[in-house]
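This is model_11.csv (CSV, C-alpha atoms).
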chain,number,residue,atom,x,y,z
I,1,MET,CA,91.0,63.0,-91.8
I,2,THR,CA,88.0,62.2,-89.8
I,3,ASP,CA,88.7,65.1,-87.5
I,4,VAL,CA,88.8,67.5,-90.4
I,5,ILE,CA,85.5,66.3,-91.7
I,6,LEU,CA,83.9,66.5,-88.3
I,7,CYS,CA,85.3,70.0,-87.7
I,8,ALA,CA,84.0,71.2,-91.0
I,9,ALA,CA,80.5,69.6,-90.3
I,10,SER,CA,80.3,71.0,-86.8
I,11,ASN,CA,81.4,74.5,-88.0
I,12,LEU,CA,78.8,74.4,-90.8
I,13,PHE,CA,76.1,73.5,-88.3
I,14,ARG,CA,77.4,76.2,-86.0
I,15,MET,CA,76.8,78.8,-88.8
I,16,TYR,CA,73.2,77.7,-88.9
I,17,VAL,CA,72.9,78.1,-85.1
I,18,ILE,CA,74.5,81.5,-85.3
I,19,GLY,CA,72.1,82.5,-88.1
I,20,ARG,CA,69.1,81.5,-86.0
I,21,PHE,CA,70.6,83.3,-82.9
I,22,MET,CA,71.2,86.6,-84.9
I,23,LYS,CA,67.7,86.5,-86.4
I,24,VAL,CA,66.1,86.0,-82.9
I,25,LEU,CA,68.1,88.8,-81.3
I,26,LEU,CA,68.4,91.3,-84.1
I,27,GLY,CA,65.5,90.5,-86.4
I,28,GLU,CA,65.6,90.2,-90.2
I,29,PRO,CA,68.9,91.1,-92.0
I,30,ARG,CA,69.2,94.4,-93.9
I,31,VAL,CA,70.9,92.8,-96.9
I,32,SER,CA,69.8,90.2,-99.5
I,33,ARG,CA,69.9,86.5,-98.8
I,34,GLY,CA,72.7,86.0,-101.3
I,35,THR,CA,74.9,88.6,-99.7
I,36,LEU,CA,74.2,87.1,-96.2
I,37,LEU,CA,75.0,83.6,-97.4
I,38,SER,CA,78.3,84.7,-98.9
I,39,VAL,CA,79.3,86.5,-95.7
I,40,TYR,CA,78.4,83.4,-93.7
I,41,GLY,CA,80.5,81.4,-96.2
I,42,ILE,CA,83.5,83.6,-95.8
I,43,PHE,CA,83.2,83.4,-92.0
I,44,TYR,CA,82.9,79.6,-92.2
I,45,ALA,CA,86.0,79.3,-94.4
I,46,VAL,CA,88.2,81.6,-92.3
I,47,ASN,CA,87.0,80.2,-89.0
I,48,THR,CA,87.5,76.6,-90.1
I,49,ALA,CA,90.9,77.2,-91.7
I,50,LEU,CA,92.2,79.2,-88.6
I,51,TYR,CA,91.0,76.5,-86.3
I,52,LEU,CA,92.7,73.7,-88.2
I,53,LEU,CA,95.9,75.6,-88.9
I,54,LEU,CA,96.3,77.4,-85.6
I,55,PRO,CA,94.5,75.4,-82.8
I,56,LEU,CA,95.1,78.1,-80.2
I,57,SER,CA,92.1,79.2,-78.0
I,58,TRP,CA,92.9,82.9,-78.2
I,59,VAL,CA,93.1,82.8,-82.0
I,60,ASN,CA,89.7,81.0,-82.1
I,61,LEU,CA,88.2,83.5,-79.7
I,62,LEU,CA,89.4,86.5,-81.7
I,63,CYS,CA,88.2,85.0,-85.0
I,64,ASN,CA,84.8,84.2,-83.5
I,65,LEU,CA,84.4,87.7,-82.0
I,66,ALA,CA,85.4,89.4,-85.2
I,67,GLY,CA,83.3,87.2,-87.4
I,68,LEU,CA,80.2,87.5,-85.1
I,69,SER,CA,80.6,91.3,-85.0
I,70,PHE,CA,80.9,91.4,-88.8
I,71,LEU,CA,77.8,89.2,-89.2
I,72,ALA,CA,75.8,91.3,-86.7
I,73,PHE,CA,76.5,94.4,-88.7
I,74,PHE,CA,74.4,93.0,-91.6
I,75,TYR,CA,71.4,92.8,-89.2
I,76,THR,CA,71.6,96.2,-87.5
I,77,LYS,CA,73.8,99.3,-87.3
I,78,SER,CA,73.3,99.8,-83.5
I,79,ALA,CA,76.5,99.2,-81.7
I,80,LYS,CA,74.7,98.3,-78.5
I,81,SER,CA,72.7,95.6,-80.3
I,82,ILE,CA,75.8,94.2,-82.0
I,83,CYS,CA,77.7,94.1,-78.7
I,84,PHE,CA,74.8,92.3,-77.0
I,85,ALA,CA,74.4,89.7,-79.7
I,86,VAL,CA,78.2,89.0,-80.0
I,87,VAL,CA,78.7,88.8,-76.2
I,88,SER,CA,75.6,86.7,-75.7
I,89,TYR,CA,76.6,84.1,-78.3
I,90,ALA,CA,80.2,84.1,-77.2
I,91,VAL,CA,79.2,83.5,-73.6
I,92,ILE,CA,76.8,80.7,-74.5
I,93,GLY,CA,79.4,79.1,-76.8
I,94,MET,CA,82.1,79.2,-74.1
I,95,ALA,CA,79.8,77.9,-71.4
I,96,CYS,CA,78.8,74.9,-73.6
I,97,GLU,CA,82.4,74.1,-74.4
I,98,TYR,CA,83.5,74.6,-70.7
I,99,ILE,CA,80.7,72.3,-69.4
I,100,LEU,CA,81.6,69.5,-71.9
I,101,MET,CA,85.4,69.9,-71.4
I,102,ALA,CA,85.1,69.9,-67.6
I,103,LEU,CA,83.0,66.8,-67.7
I,104,PHE,CA,84.5,64.7,-70.5
I,105,ALA,CA,87.9,65.9,-71.6
I,106,ASP,CA,91.4,66.7,-70.4
I,107,TYR,CA,92.3,69.8,-72.4
I,108,GLU,CA,95.8,71.1,-72.9
I,109,GLY,CA,96.5,74.4,-74.6
I,110,GLY,CA,97.6,74.2,-78.2
I,111,LYS,CA,96.0,70.8,-78.9
I,112,THR,CA,92.9,70.3,-80.9
I,113,LEU,CA,89.8,69.2,-79.1
I,114,ASN,CA,87.9,66.0,-79.7
I,115,GLN,CA,85.6,66.8,-82.6
I,116,ILE,CA,82.7,64.8,-81.2
I,117,LEU,CA,82.8,67.1,-78.2
I,118,GLN,CA,82.7,70.1,-80.6
I,119,MET,CA,79.7,68.6,-82.3
I,120,VAL,CA,77.9,68.1,-79.0
I,121,SER,CA,78.9,71.6,-78.0
I,122,VAL,CA,77.2,73.0,-81.1
I,123,LEU,CA,74.1,70.9,-80.4
I,124,LEU,CA,74.0,72.3,-76.8
I,125,SER,CA,74.3,75.8,-78.2
I,126,LEU,CA,71.3,75.1,-80.4
I,127,VAL,CA,69.3,74.0,-77.3
I,128,PHE,CA,70.2,77.3,-75.6
I,129,GLU,CA,69.3,79.3,-78.8
I,130,LEU,CA,65.9,77.5,-78.9
I,131,LEU,CA,65.4,78.4,-75.2
I,132,ALA,CA,66.3,82.0,-75.8
I,133,GLU,CA,63.9,82.1,-78.8
I,134,ARG,CA,61.1,80.8,-76.6
I,135,ILE,CA,61.9,83.3,-73.8
I,136,ILE,CA,62.0,86.2,-76.3
I,137,LYS,CA,58.7,85.2,-77.8
I,138,LYS,CA,57.3,84.9,-74.3
I,139,GLU,CA,56.3,81.3,-74.7
I,140,ILE,CA,58.0,80.4,-71.4
I,141,PRO,CA,56.8,82.5,-68.5
I,142,ALA,CA,59.5,84.2,-66.3
I,143,ALA,CA,58.3,82.3,-63.2
I,144,CYS,CA,59.1,79.0,-64.9
I,145,ILE,CA,62.6,80.2,-65.8
I,146,MET,CA,63.3,81.4,-62.2
I,147,ARG,CA,62.0,78.1,-60.8
I,148,TYR,CA,64.3,76.0,-63.0
I,149,CYS,CA,67.3,78.3,-62.5
I,150,CYS,CA,67.9,76.7,-59.1
I,151,TRP,CA,68.1,73.3,-60.7
I,152,CYS,CA,70.5,74.5,-63.4
I,153,ARG,CA,72.9,75.9,-60.7
I,154,LEU,CA,72.7,72.6,-58.8
I,155,ALA,CA,73.4,70.7,-62.1
I,156,ALA,CA,76.4,72.9,-62.8
I,157,LEU,CA,78.1,72.3,-59.4
I,158,PRO,CA,79.8,69.1,-60.3
I,159,SER,CA,81.5,70.6,-63.3
I,160,ILE,CA,82.6,73.7,-61.3
I,161,SER,CA,84.2,71.5,-58.7
I,162,PHE,CA,86.7,69.9,-61.1

As structure tokens, the full file:
Amino acid sequence: MTDVILCAASNLFRMYVIGRFMKVLLGEPRVSRGTLLSVYGIFYAVNTALYLLLPLSWVNLLCNLAGLSFLAFFYTKSAKSICFAVVSYAVIGMACEYILMALFADYEGGKTLNQILQMVSVLLSLVFELLAERIIKKEIPAACIMRYCCWCRLAALPSISF
């Protein structure tokens, strides 16, 4: 029961992070706030139900890609922008989950993940979203990003070597 509650809570927080990410990359939505909240609610319900009923990574990936594409459509009609937003968030999400699983979990296909790791993964996604927001608003100069990229690659080496 605790896993279900933590899964629902982490997915709800993930919807907030996705909303911030879409707003940063695609701007203001083209529809009313009520319509957007109902679409996010439907995505939340379908995503949570599929994750709990079918804990398969490919089902989760397809559900996320379809849901993100559908959400992005409410922000813009440009196919290029939709693809960029969906792929960007999917890559960030997968990278966060990979880092945490490589460091802290022994994952086997078809089994559900530790929900605490899922929550930490969503928090890590929020950190990357905040970083992307600062970069887009040009609050962080490109020289600083390049200087710290080297440290990020060095920090990622232990997780890659597993």

Which residues, written as a short mmCIF file (atom, residue, chain, number, x, y, z; two decimals) with C-alpha atoms, in the coordinates of the input, have at least one atom at most 12 Å from Gly67 of chain I, with only C-alpha atoms counted and residues fewer than 5 positions away on the same chain left out?
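Writing the result to part.cif gives the following:
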data_model
loop_
_atom_site.label_atom_id
_atom_site.label_comp_id
_atom_site.auth_asym_id
_atom_site.auth_seq_id
_atom_site.Cartn_x
_atom_site.Cartn_y
_atom_site.Cartn_z
CA MET I 15 76.80 78.80 -88.80
CA ILE I 18 74.50 81.50 -85.30
CA VAL I 39 79.30 86.50 -95.70
CA TYR I 40 78.40 83.40 -93.70
CA GLY I 41 80.50 81.40 -96.20
CA ILE I 42 83.50 83.60 -95.80
CA PHE I 43 83.20 83.40 -92.00
CA TYR I 44 82.90 79.60 -92.20
CA ALA I 45 86.00 79.30 -94.40
CA VAL I 46 88.20 81.60 -92.30
CA ASN I 47 87.00 80.20 -89.00
CA THR I 48 87.50 76.60 -90.10
CA ASN I 60 89.70 81.00 -82.10
CA LEU I 61 88.20 83.50 -79.70
CA LEU I 62 89.40 86.50 -81.70
CA ALA I 72 75.80 91.30 -86.70
CA PHE I 73 76.50 94.40 -88.70
CA PHE I 74 74.40 93.00 -91.60
CA ILE I 82 75.80 94.20 -82.00
CA VAL I 86 78.20 89.00 -80.00
CA TYR I 89 76.60 84.10 -78.30
CA ALA I 90 80.20 84.10 -77.20
#

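Restricting the calculation to all atoms listed in the file, the smallest distance between Gln118 of chain I and any of I:Val59, I:Leu52, I:Leu68, I:Cys96 is found for I:Cys96.
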
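The two atoms in question, atom CA of Arg14 of chain I and atom CA of Val122 of chain I, are spaced 5.9 Å apart.
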
| request: Record the distance separating atom CA of Thr35 of chain I and atom CA of Phe84 of chain I, expressed in Å with one decimal. | output: 23.0 Å

| task | Can you pull out every residue within 9 Å of Thr76 of chain I, counting only C-alpha atoms, but drop anything in the same chain fewer than 6 positions away, and send it as a list in words? | result | Leu26, Gly27, Glu28, Pro29, Arg30 and Ile82 of chain I

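Taking atom CA of Arg33 of chain I and atom CA of Arg20 of chain I as endpoints, the distance between them is 13.8 Å.
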
| Residue with smallest distance to Leu123 of chain I - pool I:Thr2, I:Ser78, I:Asn11, I:Ser38, counting all atoms listed in the file |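 Result for the nearest residue to Leu123 of chain I: I:Asn11.
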
| Protein/DNA/RNA residues near (74.1, 83.2, -77.6), cut 8 Å, all atoms listed in the file, as number ranges by chain | I: 18, 21, 85-93, 125, 128-129
